[in-house]
file data_37.txt (compact mmCIF, C-alpha atoms (C1' of nucleotides))
# COMPACT_ATOMS: atom_id res chain seq x y z
CA MET B 119 -0.58 -5.72 32.69
CA PRO B 120 -1.12 -3.21 35.49
CA GLU B 121 -0.61 0.50 35.05
CA GLN B 122 2.98 1.70 35.03
CA HIS B 123 2.68 5.11 36.60
CA TYR B 124 6.40 5.78 36.66
CA ARG B 125 9.25 4.92 34.31
CA PRO B 126 12.97 5.09 35.11
CA ALA B 127 13.72 7.29 32.13
CA SER B 128 11.22 9.97 33.06
CA TYR B 129 11.28 9.72 36.84
CA ARG B 130 11.65 13.05 38.60
CA ALA B 131 11.83 13.34 42.35
CA ARG B 132 9.34 16.19 42.56
CA ASP B 133 6.58 14.16 40.92
CA SER B 134 7.04 11.10 43.07
CA MET B 135 4.15 9.88 45.16
CA GLY B 136 6.66 8.75 47.74
CA TYR B 137 7.83 12.31 48.06
CA LEU B 138 4.30 13.64 48.49
CA LEU B 139 3.34 11.06 51.07
CA ARG B 140 6.51 11.69 52.98
CA ARG B 141 5.96 15.43 53.03
CA VAL B 142 2.39 15.07 54.22
CA HIS B 143 3.37 12.62 56.90
CA THR B 144 6.34 14.64 58.14
CA ILE B 145 4.47 17.90 58.42
CA MET B 146 1.42 16.41 60.10
CA HIS B 147 3.59 14.40 62.44
CA ASP B 148 5.61 17.44 63.45
CA ARG B 149 2.49 19.51 64.03
CA ILE B 150 0.77 16.92 66.20
CA GLU B 151 3.98 16.23 68.07
CA SER B 152 4.52 19.85 68.96
CA ALA B 153 0.87 20.36 69.82
CA PHE B 154 1.19 17.43 72.23
CA ALA B 155 4.45 18.69 73.65
CA GLY B 156 2.59 21.57 75.30
CA HIS B 157 0.61 18.98 77.23
CA GLY B 158 3.62 16.85 78.06
CA PHE B 159 2.93 13.93 75.76
CA THR B 160 4.29 12.41 72.58
CA LEU B 161 2.36 11.06 69.62
CA MET B 162 3.42 7.50 70.40
CA GLN B 163 2.10 7.78 73.94
CA TRP B 164 -1.21 9.01 72.55
CA ILE B 165 -1.36 6.13 70.10
CA VAL B 166 -1.04 3.62 72.91
CA LEU B 167 -3.74 5.29 74.98
CA ILE B 168 -6.26 5.67 72.15
CA TYR B 169 -5.65 2.16 70.86
CA VAL B 170 -6.39 0.71 74.24
CA ARG B 171 -9.45 2.91 74.66
CA ASP B 172 -10.88 2.05 71.25
CA GLY B 173 -10.33 -1.65 71.80
CA LEU B 174 -7.87 -1.89 68.92
CA ALA B 175 -5.28 -3.32 71.27
CA ARG B 176 -5.19 -5.10 74.59
CA THR B 177 -1.48 -5.87 74.58
CA ALA B 178 1.80 -4.38 73.42
CA THR B 179 1.99 -6.86 70.58
CA ASP B 180 -1.42 -5.78 69.29
CA ILE B 181 -0.17 -2.23 68.99
CA ALA B 182 3.14 -3.28 67.49
CA ARG B 183 1.35 -5.21 64.77
CA ALA B 184 -1.50 -2.79 64.10
CA PHE B 185 0.78 0.21 64.03
CA ARG B 186 3.91 -1.39 62.63
CA HIS B 187 5.94 -0.26 65.57
CA ASP B 188 8.90 -1.91 67.22
CA SER B 189 7.87 -4.03 70.18
CA GLY B 190 10.98 -3.08 72.11
CA ALA B 191 10.17 0.58 71.72
CA LEU B 192 6.61 -0.18 72.77
CA THR B 193 7.77 -1.71 76.02
CA ARG B 194 9.52 1.52 76.89
CA VAL B 195 6.57 3.75 75.98
CA ILE B 196 4.31 1.61 78.12
CA ASP B 197 6.86 1.83 80.93
CA GLN B 198 6.47 5.61 80.86
CA LEU B 199 2.69 5.53 80.77
CA GLU B 200 2.56 3.04 83.60
CA ARG B 201 4.92 5.14 85.71
CA ARG B 202 2.75 8.16 85.13
CA GLY B 203 -0.29 6.20 86.22
CA LEU B 204 -2.17 6.37 82.92
CA LEU B 205 -2.51 2.65 82.40
CA THR B 206 -1.87 -0.61 84.18
CA ARG B 207 -0.16 -3.81 83.19
CA GLU B 208 -1.65 -7.07 84.30
CA ARG B 209 -0.22 -10.47 83.56
CA SER B 210 -2.88 -12.55 81.81
CA ARG B 211 -3.94 -15.65 83.67
CA ALA B 212 -5.14 -17.43 80.56
CA ASP B 213 -1.77 -17.04 78.87
CA ARG B 214 0.97 -16.04 81.22
CA ARG B 215 3.18 -14.71 78.44
CA VAL B 216 0.68 -11.94 77.80
CA VAL B 217 0.46 -8.64 79.64
CA ASN B 218 -2.94 -6.97 79.36
CA LEU B 219 -3.15 -3.21 79.31
CA ALA B 220 -5.95 -1.19 80.86
CA LEU B 221 -6.55 2.54 81.18
CA THR B 222 -6.76 4.12 84.61
CA PRO B 223 -9.21 6.96 85.31
CA LYS B 224 -6.27 9.30 84.88
CA GLY B 225 -5.61 7.71 81.51
CA HIS B 226 -9.20 8.39 80.45
CA ARG B 227 -8.93 11.98 81.62
CA THR B 228 -5.75 12.39 79.59
CA ILE B 229 -7.52 11.16 76.49
CA GLU B 230 -10.30 13.67 77.07
CA GLU B 231 -7.68 16.37 77.34
CA LEU B 232 -5.80 15.39 74.20
CA LEU B 233 -8.75 14.53 71.97
CA PRO B 234 -9.51 18.15 71.05
CA VAL B 235 -5.86 18.63 70.17
CA VAL B 236 -5.82 15.70 67.77
CA VAL B 237 -9.18 16.53 66.25
CA GLY B 238 -8.23 20.17 65.93
CA GLN B 239 -5.02 19.42 64.08
CA MET B 240 -6.77 16.94 61.83
CA ASN B 241 -9.54 19.34 60.93
CA LEU B 242 -7.06 22.10 60.36
CA ALA B 243 -5.09 19.93 57.97
CA LEU B 244 -8.19 18.83 56.07
CA GLU B 245 -9.84 22.24 56.13
CA PRO B 246 -9.59 22.95 52.40
CA PHE B 247 -11.32 19.74 51.40
CA THR B 248 -15.01 19.21 50.91
CA ARG B 249 -16.71 16.29 52.54
CA GLU B 250 -16.66 14.53 49.18
CA GLU B 251 -12.98 15.07 48.61
CA PHE B 252 -12.27 13.94 52.13
CA GLU B 253 -14.11 10.68 51.53
CA GLN B 254 -12.28 10.26 48.26
CA MET B 255 -8.96 10.71 49.98
CA ARG B 256 -9.87 8.32 52.73
CA SER B 257 -11.01 5.72 50.26
CA LEU B 258 -7.84 5.98 48.20
CA MET B 259 -5.61 5.75 51.27
CA GLU B 260 -7.54 2.80 52.64
CA ARG B 261 -7.15 0.92 49.38
CA LEU B 262 -3.48 1.78 49.31
CA VAL B 263 -2.95 0.51 52.85
CA ARG B 264 -4.78 -2.71 52.15
CA HIS B 265 -2.80 -3.28 48.98
CA LEU B 266 0.53 -2.55 50.64
CA GLN B 267 -0.24 -4.89 53.50
CA ALA B 268 -1.07 -7.67 51.09
CA LEU B 269 2.19 -7.33 49.17
CA PRO B 270 4.78 -10.01 49.81
CA SER B 271 7.78 -8.71 51.67
CA PRO B 272 10.39 -7.44 49.26
CA VAL B 273 12.84 -10.24 48.62
CA VAL B 274 16.30 -8.76 48.47
CA GLN B 275 17.16 -8.79 44.80
CA LYS B 276 20.89 -8.40 44.56
CA VAL B 277 23.85 -9.07 46.77
CA ALA B 278 21.77 -11.96 47.99
CA ALA B 279 24.82 -13.41 49.67
CA SER B 280 24.69 -11.13 52.68
CA ARG B 281 21.72 -11.93 54.86
CA LYS B 282 21.91 -8.69 56.75
CA PRO B 283 20.62 -5.53 55.08
CA ARG B 284 23.44 -3.38 56.42
CA PRO B 285 21.96 0.12 56.35
CA THR B 286 25.26 1.94 56.18
CA PRO B 287 28.05 -0.01 54.56
CA VAL B 288 30.62 2.71 54.98
CA ALA B 289 29.89 2.60 58.63
CA ARG B 290 32.07 5.11 60.32
CA THR B 291 35.38 6.89 60.18
CA THR B 292 35.51 6.86 63.91
CA ARG B 293 37.58 3.76 63.62
CA ARG B 294 36.26 1.38 66.15
CA THR B 295 39.55 0.47 67.81
CA ARG B 296 40.33 -2.12 65.24
CA SER B 297 44.07 -2.57 65.55
CA MET U 212 -17.00 27.88 58.48
CA PRO U 213 -14.85 25.13 56.98
CA GLU U 214 -15.80 21.50 57.08
CA GLN U 215 -15.33 19.73 60.38
CA HIS U 216 -14.41 16.25 59.32
CA TYR U 217 -13.77 14.96 62.81
CA ARG U 218 -15.41 15.64 66.18
CA PRO U 219 -13.98 14.74 69.58
CA ALA U 220 -17.07 12.85 70.63
CA SER U 221 -17.07 10.53 67.66
CA TYR U 222 -13.33 10.26 66.98
CA ARG U 223 -12.09 6.72 66.53
CA ALA U 224 -8.46 5.92 65.89
CA ARG U 225 -9.17 3.50 63.06
CA ASP U 226 -10.96 6.16 60.99
CA SER U 227 -8.29 8.79 61.40
CA MET U 228 -6.62 10.20 58.33
CA GLY U 229 -3.48 10.57 60.39
CA TYR U 230 -3.51 6.84 61.00
CA LEU U 231 -3.95 6.05 57.31
CA LEU U 232 -1.21 8.40 56.19
CA ARG U 233 1.13 7.01 58.78
CA ARG U 234 0.49 3.44 57.74
CA VAL U 235 1.03 4.22 54.09
CA HIS U 236 4.20 6.10 54.81
CA THR U 237 5.62 3.49 57.16
CA ILE U 238 5.03 0.56 54.87
CA MET U 239 6.34 2.29 51.76
CA HIS U 240 9.34 3.59 53.65
CA ASP U 241 10.20 0.16 55.00
CA ARG U 242 9.85 -1.44 51.59
CA ILE U 243 12.04 1.07 49.80
CA GLU U 244 14.56 0.97 52.61
CA SER U 245 14.95 -2.77 52.50
CA ALA U 246 15.02 -2.79 48.71
CA PHE U 247 17.89 -0.30 48.91
CA ALA U 248 19.65 -2.24 51.61
CA GLY U 249 20.46 -4.98 49.12
CA HIS U 250 22.38 -2.38 47.13
CA GLY U 251 24.09 -0.90 50.16
CA PHE U 252 22.19 2.38 50.33
CA THR U 253 19.60 4.07 52.48
CA LEU U 254 16.61 6.11 51.40
CA MET U 255 18.13 9.31 52.71
CA GLN U 256 21.28 8.76 50.66
CA TRP U 257 19.10 8.26 47.59
CA ILE U 258 17.19 11.44 48.32
CA VAL U 259 20.37 13.46 48.37
CA LEU U 260 21.60 11.97 45.11
CA ILE U 261 18.35 12.37 43.21
CA TYR U 262 17.78 15.90 44.51
CA VAL U 263 21.16 16.96 43.28
CA ARG U 264 20.65 15.25 39.95
CA ASP U 265 17.21 16.77 39.39
CA GLY U 266 18.45 20.23 40.27
CA LEU U 267 16.14 20.46 43.27
CA ALA U 268 19.14 21.13 45.47
CA ARG U 269 22.66 22.42 45.08
CA THR U 270 23.46 22.57 48.78
CA ALA U 271 22.70 20.74 52.01
CA THR U 272 20.39 23.53 53.09
CA ASP U 273 18.33 23.19 49.93
CA ILE U 274 17.67 19.56 50.75
CA ALA U 275 17.02 20.27 54.39
CA ARG U 276 14.35 22.79 53.47
CA ALA U 277 12.78 20.97 50.56
CA PHE U 278 12.65 17.69 52.40
CA ARG U 279 12.13 18.96 55.94
CA HIS U 280 15.16 17.14 57.15
CA ASP U 281 17.58 18.08 59.90
CA SER U 282 20.61 19.91 58.54
CA GLY U 283 22.90 18.25 61.04
CA ALA U 284 21.78 14.84 59.87
CA LEU U 285 22.27 16.00 56.29
CA THR U 286 25.88 16.88 56.95
CA ARG U 287 26.52 13.33 58.07
CA VAL U 288 24.73 11.73 55.12
CA ILE U 289 26.74 13.88 52.74
CA ASP U 290 29.89 12.87 54.59
CA GLN U 291 29.15 9.26 53.76
CA LEU U 292 28.37 9.94 50.12
CA GLU U 293 31.51 12.00 49.72
CA ARG U 294 33.63 9.30 51.33
CA ARG U 295 32.19 6.76 48.94
CA GLY U 296 33.00 9.00 46.03
CA LEU U 297 29.42 9.60 44.85
CA LEU U 298 29.46 13.35 45.11
CA THR U 299 31.85 16.19 45.77
CA ARG U 300 31.72 19.20 48.03
CA GLU U 301 33.04 22.46 46.75
CA ARG U 302 33.14 25.69 48.70
CA SER U 303 31.31 28.37 46.74
CA ARG U 304 33.42 31.30 45.69
CA ALA U 305 30.47 33.65 45.38
CA ASP U 306 29.38 32.97 48.97
CA ARG U 307 32.00 31.28 51.04
CA ARG U 308 29.49 30.03 53.59
CA VAL U 309 27.98 27.77 50.96
CA VAL U 310 29.20 24.32 49.95
CA ASN U 311 28.02 23.24 46.51
CA LEU U 312 27.30 19.60 45.84
CA ALA U 313 27.97 17.86 42.55
CA LEU U 314 27.57 14.26 41.46
CA THR U 315 30.58 12.29 40.33
CA PRO U 316 30.36 9.81 37.46
CA LYS U 317 30.09 7.10 40.11
CA GLY U 318 27.20 9.03 41.63
CA HIS U 319 25.42 9.06 38.30
CA ARG U 320 26.00 5.36 37.85
CA THR U 321 24.55 4.73 41.30
CA ILE U 322 21.41 6.63 40.38
CA GLU U 323 21.05 4.54 37.25
CA GLU U 324 21.37 1.45 39.39
CA LEU U 325 18.83 2.53 41.98
CA LEU U 326 16.26 4.15 39.70
CA PRO U 327 14.65 0.87 38.68
CA VAL U 328 14.39 -0.07 42.35
CA VAL U 329 12.54 3.12 43.25
CA VAL U 330 10.32 3.05 40.20
CA GLY U 331 9.60 -0.62 40.71
CA GLN U 332 8.51 -0.15 44.29
CA MET U 333 6.41 2.85 43.39
CA ASN U 334 4.62 1.08 40.58
CA LEU U 335 4.08 -1.96 42.74
CA ALA U 336 2.49 0.17 45.42
CA LEU U 337 0.26 2.00 42.96
CA GLU U 338 -0.54 -1.06 40.90
CA PRO U 339 -4.23 -1.31 41.81
CA PHE U 340 -5.00 2.25 40.77
CA THR U 341 -6.07 3.43 37.36
CA ARG U 342 -4.31 6.35 35.76
CA GLU U 343 -7.28 8.49 36.72
CA GLU U 344 -7.24 7.45 40.36
CA PHE U 345 -3.52 7.97 40.46
CA GLU U 346 -3.92 11.53 39.23
CA GLN U 347 -6.69 12.10 41.75
CA MET U 348 -4.47 10.87 44.56
CA ARG U 349 -1.59 12.99 43.41
CA SER U 350 -3.76 16.06 43.16
CA LEU U 351 -5.23 15.57 46.63
CA MET U 352 -1.81 15.00 48.19
CA GLU U 353 -0.36 18.02 46.42
CA ARG U 354 -3.13 20.24 47.71
CA LEU U 355 -2.68 18.82 51.18
CA VAL U 356 1.06 19.49 51.12
CA ARG U 357 0.56 23.03 49.91
CA HIS U 358 -2.05 23.71 52.58
CA LEU U 359 0.04 22.22 55.36
CA GLN U 360 3.05 24.24 54.32
CA ALA U 361 1.01 27.42 54.39
CA LEU U 362 -0.30 26.82 57.90
CA PRO U 363 1.23 28.93 60.64
CA SER U 364 3.38 26.93 62.99
CA PRO U 365 1.33 25.59 65.87
CA VAL U 366 1.58 28.01 68.75
CA VAL U 367 1.86 26.04 71.94
CA GLN U 368 -1.52 26.38 73.54
CA LYS U 369 -1.12 25.45 77.16
CA VAL U 370 1.71 25.35 79.66
CA ALA U 371 3.00 28.34 77.77
CA ALA U 372 5.44 29.04 80.54
CA SER U 373 7.99 26.45 79.47
CA ARG U 374 9.61 27.40 76.19
CA LYS U 375 10.94 23.93 75.58
CA PRO U 376 8.56 21.26 74.29
CA ARG U 377 10.00 18.55 76.51
CA PRO U 378 9.10 15.39 74.67
CA THR U 379 9.22 13.14 77.70
CA PRO U 380 8.52 14.92 80.96
CA VAL U 381 8.84 11.82 83.08
CA ALA U 382 12.30 11.45 81.75
CA ARG U 383 13.64 8.28 83.18
CA THR U 384 13.67 6.13 86.24
CA THR U 385 16.78 4.47 84.91
CA ARG U 386 16.42 1.60 87.31
CA ARG U 387 14.43 -0.81 85.22
CA THR U 388 15.36 -3.75 87.40
CA ARG U 389 11.83 -4.72 88.18
CA SER U 390 11.65 -6.95 91.19
C1' DC K 271 5.64 -36.60 80.14
C1' DC K 272 9.17 -34.60 77.11
C1' DT K 273 10.78 -32.13 73.09
C1' DC K 274 10.55 -28.56 70.06
C1' DA K 275 8.83 -24.72 67.38
C1' DT K 276 6.46 -20.55 68.33
C1' DT K 277 5.01 -16.46 70.78
C1' DA K 278 4.96 -12.33 74.24
C1' DT K 279 7.71 -9.49 76.58
C1' DC K 280 11.64 -7.32 77.82
C1' DT K 281 16.68 -5.87 77.49
C1' DG K 282 21.14 -4.34 75.47
C1' DC K 283 23.33 -2.20 71.63
C1' DC K 284 23.70 0.76 67.77
C1' DT K 285 22.30 4.37 64.51
C1' DA K 286 19.55 8.19 62.58
C1' DG K 287 17.57 12.28 63.62
C1' DG K 288 16.15 16.40 66.54
C1' DC K 289 18.15 20.21 68.97
C1' DA K 290 21.22 23.54 70.61
C1' DG K 291 25.13 25.48 70.05
C1' DT K 292 29.76 27.16 67.39
C1' DT K 293 32.28 29.10 63.66
C1' DA K 294 32.72 31.50 59.51
C1' DC K 295 30.80 34.44 56.41
C1' DC K 296 27.49 37.72 54.09
C1' DG K 297 25.22 42.11 53.44
C1' DC K 298 23.16 46.00 55.36
C1' DC K 299 23.44 50.14 57.96
C1' DT K 300 25.59 53.88 60.19
C1' DA Z 74 35.53 50.82 58.65
C1' DG Z 75 32.94 48.53 62.05
C1' DG Z 76 28.90 46.70 64.17
C1' DC Z 77 25.20 43.53 63.72
C1' DG Z 78 21.46 40.52 62.47
C1' DG Z 79 21.02 36.61 59.59
C1' DT Z 80 22.60 32.34 57.32
C1' DA Z 81 25.36 27.88 55.92
C1' DA Z 82 27.78 24.23 57.55
C1' DC Z 83 29.17 21.63 60.96
C1' DT Z 84 29.56 19.42 65.87
C1' DG Z 85 28.22 17.38 70.33
C1' DC Z 86 24.54 15.50 73.02
C1' DC Z 87 20.42 13.02 73.78
C1' DT Z 88 16.44 10.15 72.65
C1' DA Z 89 13.44 7.10 69.89
C1' DG Z 90 13.43 3.26 67.22
C1' DG Z 91 15.35 -0.92 64.72
C1' DC Z 92 17.43 -5.25 65.66
C1' DA Z 93 19.07 -9.24 67.85
C1' DG Z 94 19.11 -11.92 71.75
C1' DA Z 95 17.38 -13.61 76.39
C1' DT Z 96 13.65 -15.40 79.13
C1' DA Z 97 9.44 -17.49 79.98
C1' DA Z 98 5.44 -19.59 78.63
C1' DT Z 99 2.37 -22.07 75.31
C1' DG Z 100 0.80 -25.81 72.45
C1' DA Z 101 1.42 -29.54 69.21
C1' DG Z 102 3.12 -34.15 68.59
C1' DG Z 103 5.43 -38.21 69.77

call {"tool": "encode", "arguments": {"input": "data_37.txt", "output": "structure tokens"}}
result
Amino acid sequence: MPEQHYRPASYRARDSMGYLLRRVHTIMHDRIESAFAGHGFTLMQWIVLIYVRDGLARTATDIARAFRHDSGALTRVIDQLERRGLLTRERSRADRRVVNLALTPKGHRTIEELLPVVVGQMNLALEPFTREEFEQMRSLMERLVRHLQALPSPVVQKVAASRKPRPTPVARTTRRTRS
Amino acid sequence: MPEQHYRPASYRARDSMGYLLRRVHTIMHDRIESAFAGHGFTLMQWIVLIYVRDGLARTATDIARAFRHDSGALTRVIDQLERRGLLTRERSRADRRVVNLALTPKGHRTIEELLPVVVGQMNLALEPFTREEFEQMRSLMERLVRHLQALPSPVVQKVAASRKPRPTPVARTTRRTRS
DNA sequence: CCTCATTATCTGCCTAGGCAGTTACCGCCT
DNA sequence: AGGCGGTAACTGCCTAGGCAGATAATGAGG
């Protein structure tokens, strides 16, 4: 029997790990995003560039999978980067469904420009932690990611009839010209 | 001189704490969201309900601040919940700008229904951790949140001329009819 | 060779959220 | 009393992202 860290009867929002993780993520995301804005980039654009540079991705699908991002959205981000001349798309000859991405010199220069911004924000956020605590945090988060990835996708428990999740059942008062 | 955990020259995307936190957040968010979908609710709706129940918020602004969420978006979420009869809005008599939120009996029943879902997902995610590791993680995240909240907002460093962040400078070519 | 399931990419469509107002109200100050 | 900065709630507008579908290509199997 694994540990039961939370129980319905005693659950309080302020103690929830979900709450903490969300807060951390939101604040860091906002800070990076606005630091990038001064340079004319978004976080997602940076992700694409650095993933290609670090060899974590050669195609849009690689990024979509590794970063859990929508592939449709990816297409549009890559559109922007291509238009701005930061990377190139090249149809693979081995598999003509695939489009390989490659950084241009301008793309590399952009990474050099943004790297200090990212690193600066990261160091600022982690400032109060010792090297040991930092490693602890990293280790815990890595284990958590690995565990979460290994979990089976959450089978919808109730209302199994409807296949579609329907995010907002009440939909809209706007009345979509029904009559 | 505080610890410098990252350096531009050796920065690799896969080792970044930002990456880890994002992955954790994304996966947990998606899981909770789709678990809720089967019950006809979204995470944000749940947040509002549980915040009101736990006394963390009496008004939309309380939630917006505590959860770092857009107040405009909040208005619309509360609209939905009110329409579905889960909570009520009541104009404060002490300060007529304020609208106080209160759960209805149906709202309380909904929380009872969703609590096991939240707790279940949380415990599932944290399953591989001992009580001690869990407390360690919570402590680290709490310190990180407190530190991040205390940080001054990131003054835009370059291109200081333009006041507006401009998320996407290239804007749009519209014409995506590639030949 | 032909069929069929699968995959990569791209495209519409819709919704949630960020942002910039607008309105109403509060409390302070003169 | 009246002006005025600040605040709560709400409202449009716009964009990013989720989702479903379209297209094209691959590869396995008959």

call {"tool": "calpha_fit_rmsd", "arguments": {"input": "data_37.txt", "fixed": "chain B", "moving": "chain U"}}
result
2.6 Å

call {"tool": "atom_distance", "arguments": {"input": "data_37.txt", "atom1": "C1' of DG79 in chain Z", "atom2": "CA of Gly156 in chain B"}}
result
28.5 Å

call {"tool": "interface_residues", "arguments": {"input": "data_37.txt", "of": "chain U", "to": "chain Z", "cutoff": "12 Å", "atoms": "all atoms listed in the file", "output": "JSON list (two decimals) with C-alpha atoms, in the coordinates of the input"}}
result
[["chain", "number", "residue", "atom", "x", "y", "z"],
["U", 241, "ASP", "CA", 10.20, 0.16, 55.00],
["U", 270, "THR", "CA", 23.46, 22.57, 48.78],
["U", 271, "ALA", "CA", 22.70, 20.74, 52.01],
["U", 272, "THR", "CA", 20.39, 23.53, 53.09],
["U", 273, "ASP", "CA", 18.33, 23.19, 49.93],
["U", 275, "ALA", "CA", 17.02, 20.27, 54.39],
["U", 282, "SER", "CA", 20.61, 19.91, 58.54],
["U", 283, "GLY", "CA", 22.90, 18.25, 61.04],
["U", 284, "ALA", "CA", 21.78, 14.84, 59.87],
["U", 285, "LEU", "CA", 22.27, 16.00, 56.29],
["U", 286, "THR", "CA", 25.88, 16.88, 56.95],
["U", 287, "ARG", "CA", 26.52, 13.33, 58.07],
["U", 289, "ILE", "CA", 26.74, 13.88, 52.74],
["U", 290, "ASP", "CA", 29.89, 12.87, 54.59],
["U", 300, "ARG", "CA", 31.72, 19.20, 48.03],
["U", 302, "ARG", "CA", 33.14, 25.69, 48.70],
["U", 303, "SER", "CA", 31.31, 28.37, 46.74],
["U", 306, "ASP", "CA", 29.38, 32.97, 48.97],
["U", 307, "ARG", "CA", 32.00, 31.28, 51.04],
["U", 308, "ARG", "CA", 29.49, 30.03, 53.59],
["U", 309, "VAL", "CA", 27.98, 27.77, 50.96],
["U", 310, "VAL", "CA", 29.20, 24.32, 49.95],
["U", 311, "ASN", "CA", 28.02, 23.24, 46.51],
["U", 377, "ARG", "CA", 10.00, 18.55, 76.51],
["U", 378, "PRO", "CA", 9.10, 15.39, 74.67],
["U", 379, "THR", "CA", 9.22, 13.14, 77.70],
["U", 382, "ALA", "CA", 12.30, 11.45, 81.75],
["U", 383, "ARG", "CA", 13.64, 8.28, 83.18]]

call {"tool": "residues_around", "arguments": {"input": "data_37.txt", "residues": "Arg234 in chain U", "least_positions_apart": "3", "cutoff": "8 Å", "atoms": "all atoms listed in the file", "output": "NGL selection string"}}
result
(:B and (185-186 or 263)) or (:U and (230-231 or 237-238))

call {"tool": "residues_around", "arguments": {"input": "data_37.txt", "residues": "Ala243 in chain B", "least_positions_apart": "2", "cutoff": "9 Å", "atoms": "all atoms listed in the file", "output": "list in words"}}
result
Met146, Gly238, Gln239, Met240, Asn241, Glu245 and Pro246 of chain B; Leu355, His358, Leu359 and Leu362 of chain U

call {"tool": "atom_distance", "arguments": {"input": "data_37.txt", "atom1": "CA of Tyr129 in chain B", "atom2": "CA of Glu346 in chain U"}}
result
15.5 Å

call {"tool": "atom_distance", "arguments": {"input": "data_37.txt", "atom1": "CA of Ile261 in chain U", "atom2": "CA of Ala131 in chain B"}}
result
6.6 Å

call {"tool": "interface_residues", "arguments": {"input": "data_37.txt", "of": "chain K", "to": "chain B", "cutoff": "10 Å", "atoms": "all atoms listed in the file", "output": "PyMOL selection string"}}
result
chain K and resi 277-281+285

call {"tool": "closest_residue", "arguments": {"input": "data_37.txt", "among": "U:Met255, U:Ala313, U:Ala248, U:Ile243", "to": "chain B", "atoms": "only C-alpha atoms"}}
result
U:Ala248

call {"tool": "residues_near_point", "arguments": {"input": "data_37.txt", "point": "(-14.8, 22.0, 59.3)", "cutoff": "9 Å", "atoms": "only C-alpha atoms (C1' of nucleotides)", "output": "PDB file with C-alpha atoms, keeping the file's coordinate frame"}}
result
ATOM      1  CA  ASN B 241      -9.540  19.340  60.930  1.00  0.00           C
ATOM      2  CA  LEU B 242      -7.060  22.100  60.360  1.00  0.00           C
ATOM      3  CA  LEU B 244      -8.190  18.830  56.070  1.00  0.00           C
ATOM      4  CA  GLU B 245      -9.840  22.240  56.130  1.00  0.00           C
ATOM      5  CA  PRO B 246      -9.590  22.950  52.400  1.00  0.00           C
ATOM      6  CA  PHE B 247     -11.320  19.740  51.400  1.00  0.00           C
ATOM      7  CA  THR B 248     -15.010  19.210  50.910  1.00  0.00           C
TER       8      THR B 248
ATOM      9  CA  MET U 212     -17.000  27.880  58.480  1.00  0.00           C
ATOM     10  CA  PRO U 213     -14.850  25.130  56.980  1.00  0.00           C
ATOM     11  CA  GLU U 214     -15.800  21.500  57.080  1.00  0.00           C
ATOM     12  CA  GLN U 215     -15.330  19.730  60.380  1.00  0.00           C
ATOM     13  CA  HIS U 216     -14.410  16.250  59.320  1.00  0.00           C
ATOM     14  CA  TYR U 217     -13.770  14.960  62.810  1.00  0.00           C
TER      15      TYR U 217
END

call {"tool": "closest_residue", "arguments": {"input": "data_37.txt", "among": "B:Thr228, B:Val235, B:Ile181, B:Leu219", "to": "chain U", "atoms": "only C-alpha atoms"}}
result
B:Val235

call {"tool": "closest_residue", "arguments": {"input": "data_37.txt", "among": "U:Ala305, U:Glu324, U:Met348, U:Val263", "to": "chain B", "atoms": "only C-alpha atoms"}}
result
U:Met348

call {"tool": "residues_near_point", "arguments": {"input": "data_37.txt", "point": "(-6.3, 6.0, 83.4)", "cutoff": "9 Å", "atoms": "all atoms listed in the file", "output": "PDB file with C-alpha atoms, in the frame of the given file"}}
result
ATOM      1  CA  LEU B 167      -3.740   5.290  74.980  1.00  0.00           C
ATOM      2  CA  GLY B 203      -0.290   6.200  86.220  1.00  0.00           C
ATOM      3  CA  LEU B 204      -2.170   6.370  82.920  1.00  0.00           C
ATOM      4  CA  LEU B 205      -2.510   2.650  82.400  1.00  0.00           C
ATOM      5  CA  THR B 206      -1.870  -0.610  84.180  1.00  0.00           C
ATOM      6  CA  ALA B 220      -5.950  -1.190  80.860  1.00  0.00           C
ATOM      7  CA  LEU B 221      -6.550   2.540  81.180  1.00  0.00           C
ATOM      8  CA  THR B 222      -6.760   4.120  84.610  1.00  0.00           C
ATOM      9  CA  PRO B 223      -9.210   6.960  85.310  1.00  0.00           C
ATOM     10  CA  LYS B 224      -6.270   9.300  84.880  1.00  0.00           C
ATOM     11  CA  GLY B 225      -5.610   7.710  81.510  1.00  0.00           C
ATOM     12  CA  HIS B 226      -9.200   8.390  80.450  1.00  0.00           C
ATOM     13  CA  ARG B 227      -8.930  11.980  81.620  1.00  0.00           C
ATOM     14  CA  THR B 228      -5.750  12.390  79.590  1.00  0.00           C
ATOM     15  CA  ILE B 229      -7.520  11.160  76.490  1.00  0.00           C
TER      16      ILE B 229
END

call {"tool": "closest_residue", "arguments": {"input": "data_37.txt", "among": "U:Leu267, U:His250, U:Leu232, U:Tyr262", "to": "Met352 in chain U", "atoms": "all atoms listed in the file"}}
result
U:Leu232

call {"tool": "decode", "arguments": {"input": "data_37.txt", "residues": "range 127-138 of chain B", "atoms": "C-alpha atoms", "output": "tab-separated table (two decimals), in the first residue's frame"}}
result
chain	number	residue	atom	x	y	z
B	127	ALA	CA	-11.68	14.67	4.72
B	128	SER	CA	-8.63	16.73	5.56
B	129	TYR	CA	-7.80	18.19	2.17
B	130	ARG	CA	-7.17	21.92	2.19
B	131	ALA	CA	-6.38	23.85	-0.94
B	132	ARG	CA	-3.49	25.76	0.60
B	133	ASP	CA	-1.58	22.57	1.44
B	134	SER	CA	-1.99	21.00	-1.96
B	135	MET	CA	1.09	20.11	-3.95
B	136	GLY	CA	-0.86	20.91	-7.08
B	137	TYR	CA	-1.32	24.43	-5.81
B	138	LEU	CA	2.38	24.84	-5.04
